[in-house]
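J.: Below is a structure I'd like to ask you about.
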Amino acid sequence: MAHCCTVLTGLLVWSLFMLSWCEASRNNINRYDHSYGTFKSNSLIKRRDDITRLKSVARASLRLPTTVSVSDFGAKGDGKTDDTQAFVNAWKKACSSSGAVNLLVPEGKTYFLKSLRLNGPCKSVLTVQILGTLSASQQRSDYEDLSKWITFDGVNSLTVDGGATGTVNGNGAETWWENSCKRNEAKKCTKAPTALTFYNSKNLRVNNLRVKDAQQIQISIEKCSNVQVSNVEVTAPADSPNTDGIHITNTQNIQVSNSIIGTGDDCISIESGSQNVQINDLTCGPGHGISIGSLGDDNSKAFVSGVTVDGAKLSGTDNGVRIKTNQGGSGTASNIIFQNIQMENVENPIIIDQDYCDKSKCTEQKSAVQIKNVVYRNISGTSASDIAITFNCSKNYPCQGIVLDKVNIKGGKASCSNANVMDKDGVLPQCKST
Ligand SMILES: *[C@@H]1O[C@H](CO)[C@@H](O)[C@H](O)[C@H]1NC(C)=O
Ligand SMILES: *[C@@H]1O[C@H](CO)[C@@H](O)[C@H](O)[C@H]1NC(C)=O
């Protein structure tokens with residue numbers, strides 16, 4: 001113990017030294033560029049804040065975490081009693097305490113919850129340990145905002161851990177799926193809640209958690225940075241409408257690894273504003289595959305860059321790896337790598353669709369989101385349709401720098417237009433003309 005503390009203290013001293021050194025060099029740059037006094041003093045205040053925070057994190061790590069259990073705040077966990085207020089009260093306590101805090105949702109119980117907002121910033125370094133089941137209300141009137149069930153907003157350094165048992169159940173079938181206009185055209189299209197939303201958080205971890213039968217999107221990560229998602233299992237039936245597994249938007253530096261997703265929409269969808277997205281060891285199916293987009297809808301400007309999918313197995317999905325953009329958008333989707341992927345019985349194993357339209361009618365437009373530098377490497381398997389590779393790129397902004405390397409998909413041909421494609425080793429099927 002004494003030895004470990006010496007090491008930790010040494011590390012803390014070293015970190016403080018490095019932080020001071022980095023700040024000092026940043027100040028030098030500031031002074032060089034701007035000789036405004038205010039600029040420098042802001043930076044000094046920030047430095048003091050950083051040091052204070054680092055000290056409290058280090059202090060927290062030297063102590064055992066405090067546990068705050070929802071049952072201490074009156075949560076019943078009988079699956080029927082409304083436990084929402086007990087969760088809010090437990091959150092207030094856990095968030096405002098200092099040091100490392102575990103907010104515990106005990107194992108073996110089911111907590112019935114209406115919509116729930118858990119806001120930061122928190123004083124503590126918080127781990128939410130969901131070992132029991134969270135079960136969503138099926139009454140529309142129980143949702144303050146019809147687009148969200150559980151939301152974490154503005155909580156930095158948050159960990160959500162499901163142990164091996166934690167489950168988040170959106171109970172989407174009756175109220176939400178049955179009444180979806182995607183299922184029944186006679187119904188009016190209305191909003192439906194995302195089961196779990198993480199909004200505006202830095203340093204987020206979501207581990208060992210099961211999420212199922214969301215009302216709509218299962219897990220949404222919006223406007224976050226430095227995110228690790230691992231060992232999650234996300235499930236819903238193939239015909240559940242819009243139940244994207246993990247939806248990533250406006251988020252930088254995110255890794256999703258070792259996860260299993262089977263759902264009614266995209267296993268993972270990556271939307272505009274996302275940068276440096278890593279997906280490793282994903283099992284996907286049923287579902288609509290891994291999608292970038294749709295980008296550029298309603299003539300919007302979209303940017304996505306640095307997406308790597310490395311290691312994935314897709315079975316029986318509508319798409320394998322897909323990039324979709326709407327006509328009339330602008331911006332770019334660039335530096336994308338899909339590699340080491342196995343596909344089994346996938347409708348559209350490899351697809352770029354720049355004519356994506358999810359309305360009843362889309363008109364032809366000149367502009368498009370520019371797609372460039374996309375590598376497909378070591379991808380094999382079988383196509384469930386007679387087209388294994390589709391590159392339907394924009395006439396005015398053809399796809400640039402598409403590379404196929406060791407791609408072997410059996411059972412279908414390639415359909416390519418307006419795409420600048422380079423075939424390297426062993427590519428089957430090949431685009432006949434570009
Ligand atoms: C190709 O991808 C498969 C997974 O689909 C993997 O098992 C294999 O090791 C990869 N081959 C190389 C040379 O990386
Ligand atoms: C490809 O896109 C064009 C518009 O650029 C569209 O007219 C055509 O139907 C699309 N082809 C396929 C096979 O989707």
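Residue numbers start at 1 in each chain; chains themselves are named A, B, ... in the order of the structure tokens; ligands are numbered from 1 in the order shown.
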Write as a PyMOL selection string the residues around ligand 1, taking 9 Å as the cut-off and counting only C-alpha atoms and all ligand atoms.
T.: chain A and resi 310-313+339-343+377-381+406
J.: Find the spatial neighbours of segment 126-140 of chain A, counting only C-alpha atoms, within a cut-off of 8 Å - ignore same-chain residues fewer than 2 positions away - and output them as a ChimeraX atom specification.
T.: /A:79,94-95,100-115,122,124,142-143,146,149,157-172,174-175,209
J.: In terms of the shortest atom-to-atom distance over only C-alpha atoms and all ligand atoms, which of A:Lys372, A:Lys76, A:Lys324, A:Lys223 is closest to ligand 2?
T.: A:Lys324
J.: Write out as JSON, numbers by chain all residues of segment 17-249 of chain A that backbone DSSP assigns to strand (DSSP E).
T.: {"A": [66, 67, 68, 69, 78, 79, 80, 81, 82, 100, 101, 102, 103, 104, 105, 110, 111, 112, 113, 116, 117, 118, 119, 125, 126, 127, 128, 129, 130, 133, 134, 135, 136, 148, 149, 150, 151, 152, 153, 158, 159, 160, 161, 167, 168, 169, 194, 195, 196, 197, 198, 199, 202, 203, 204, 205, 206, 207, 210, 211, 212, 219, 220, 221, 222, 225, 226, 227, 228, 229, 230, 233, 234, 235, 246, 247, 248, 249]}
J.: Would you mind listing the residues within 10 Å of ligand 2, counting only C-alpha atoms and all ligand atoms, as a count of residues only?
T.: 24
J.: Would you list the contacts of segment 248-260 of chain A as a ChimeraX atom specification, taking every protein, DNA or RNA residue within 8 Å and counting only C-alpha atoms, but skipping same-chain residues closer than 5 positions in sequence?
T.: /A:220-234,268-284
J.: Between A:Asn89, A:Lys361, A:Ser315, A:Asp297, which one has atoms that come closest to Ser330 of chain A, using only C-alpha atoms?
T.: A:Asp297
J.: What's the separation between atom CA of Val155 of chain A and atom CA of Asp266 of chain A, in Å to one decimal place?
T.: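 Atom CA of Asp266 of chain A lies at a distance of 26.6 Å from atom CA of Val155 of chain A.
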J.: Determine, counting only C-alpha atoms, which protein, DNA and RNA residues have an atom within 9 Å of an atom of Val321 of chain A; residues of the same chain fewer than 4 positions away are not included. Present the result as an MDAnalysis selection string.
T.: chainID A and resid 289:292 309 338 348:352
J.: Just write the chosen residues, N, CA and C atoms, as a short mmCIF file (atom, residue, chain, number, x, y, z; two decimals), in the first residue's frame.
T.:
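Wrote out-v2.cif, looks like this:
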```
data_model
loop_
_atom_site.label_atom_id
_atom_site.label_comp_id
_atom_site.auth_asym_id
_atom_site.auth_seq_id
_atom_site.Cartn_x
_atom_site.Cartn_y
_atom_site.Cartn_z
N GLY A 289 -26.72 -2.55 -40.77
CA GLY A 289 -25.27 -2.48 -40.95
C GLY A 289 -24.63 -1.27 -40.30
N ILE A 290 -23.43 -0.96 -40.79
CA ILE A 290 -22.68 0.19 -40.27
C ILE A 290 -22.84 1.31 -41.28
N SER A 291 -23.35 2.44 -40.84
CA SER A 291 -23.65 3.53 -41.78
C SER A 291 -22.97 4.82 -41.41
N ILE A 292 -22.41 5.46 -42.42
CA ILE A 292 -22.00 6.85 -42.26
C ILE A 292 -23.07 7.65 -42.98
N VAL A 309 -13.30 1.26 -39.37
CA VAL A 309 -13.97 0.06 -38.88
C VAL A 309 -12.98 -1.07 -39.10
N PHE A 338 -12.47 0.74 -44.06
CA PHE A 338 -13.25 -0.43 -43.64
C PHE A 338 -12.34 -1.63 -43.85
N ASN A 348 -26.58 -5.49 -49.27
CA ASN A 348 -25.66 -4.57 -49.95
C ASN A 348 -24.36 -4.52 -49.18
N PRO A 349 -23.47 -5.48 -49.42
CA PRO A 349 -22.26 -5.55 -48.58
C PRO A 349 -21.43 -4.26 -48.56
N ILE A 350 -21.15 -3.72 -49.77
CA ILE A 350 -20.39 -2.47 -49.82
C ILE A 350 -21.22 -1.48 -50.61
N ILE A 351 -21.55 -0.35 -50.02
CA ILE A 351 -22.39 0.59 -50.76
C ILE A 351 -22.08 2.05 -50.42
N ILE A 352 -21.92 2.84 -51.48
CA ILE A 352 -21.94 4.31 -51.35
C ILE A 352 -23.15 4.77 -52.15
#
```
J.: Closest to Glu144 of chain A among A:Ala192, A:Leu428, A:Val346, A:Val374, using only C-alpha atoms?
T.: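 Ranked by minimum distance to Glu144 of chain A, first place goes to A:Ala192.
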J.: Any idea what the distance is between atom CA of Cys399 of chain A and atom CA of Gln370 of chain A?
T.: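 Straight-line distance from atom CA of Cys399 of chain A to atom CA of Gln370 of chain A works out to 6.8 Å.
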J.: Could you state the separation of atom CA of Ser240 of chain A and atom CA of Pro286 of chain A in Å, given to one decimal place?
T.: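 Atom-to-atom, atom CA of Ser240 of chain A and atom CA of Pro286 of chain A are spaced 10.7 Å apart.
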J.: Can you work out which one of A:Arg210, A:Arg205, A:Arg63, A:Lys301 has the shortest atom-to-atom distance to Ser98 of chain A, counting only C-alpha atoms?
T.: A:Arg63
J.: Between A:Ser69, A:Asn373, A:Asn203, A:Thr382, which has the minimum distance to Gly306 of chain A (counting only C-alpha atoms)?
T.: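 The closest residue to Gly306 of chain A is A:Asn373.
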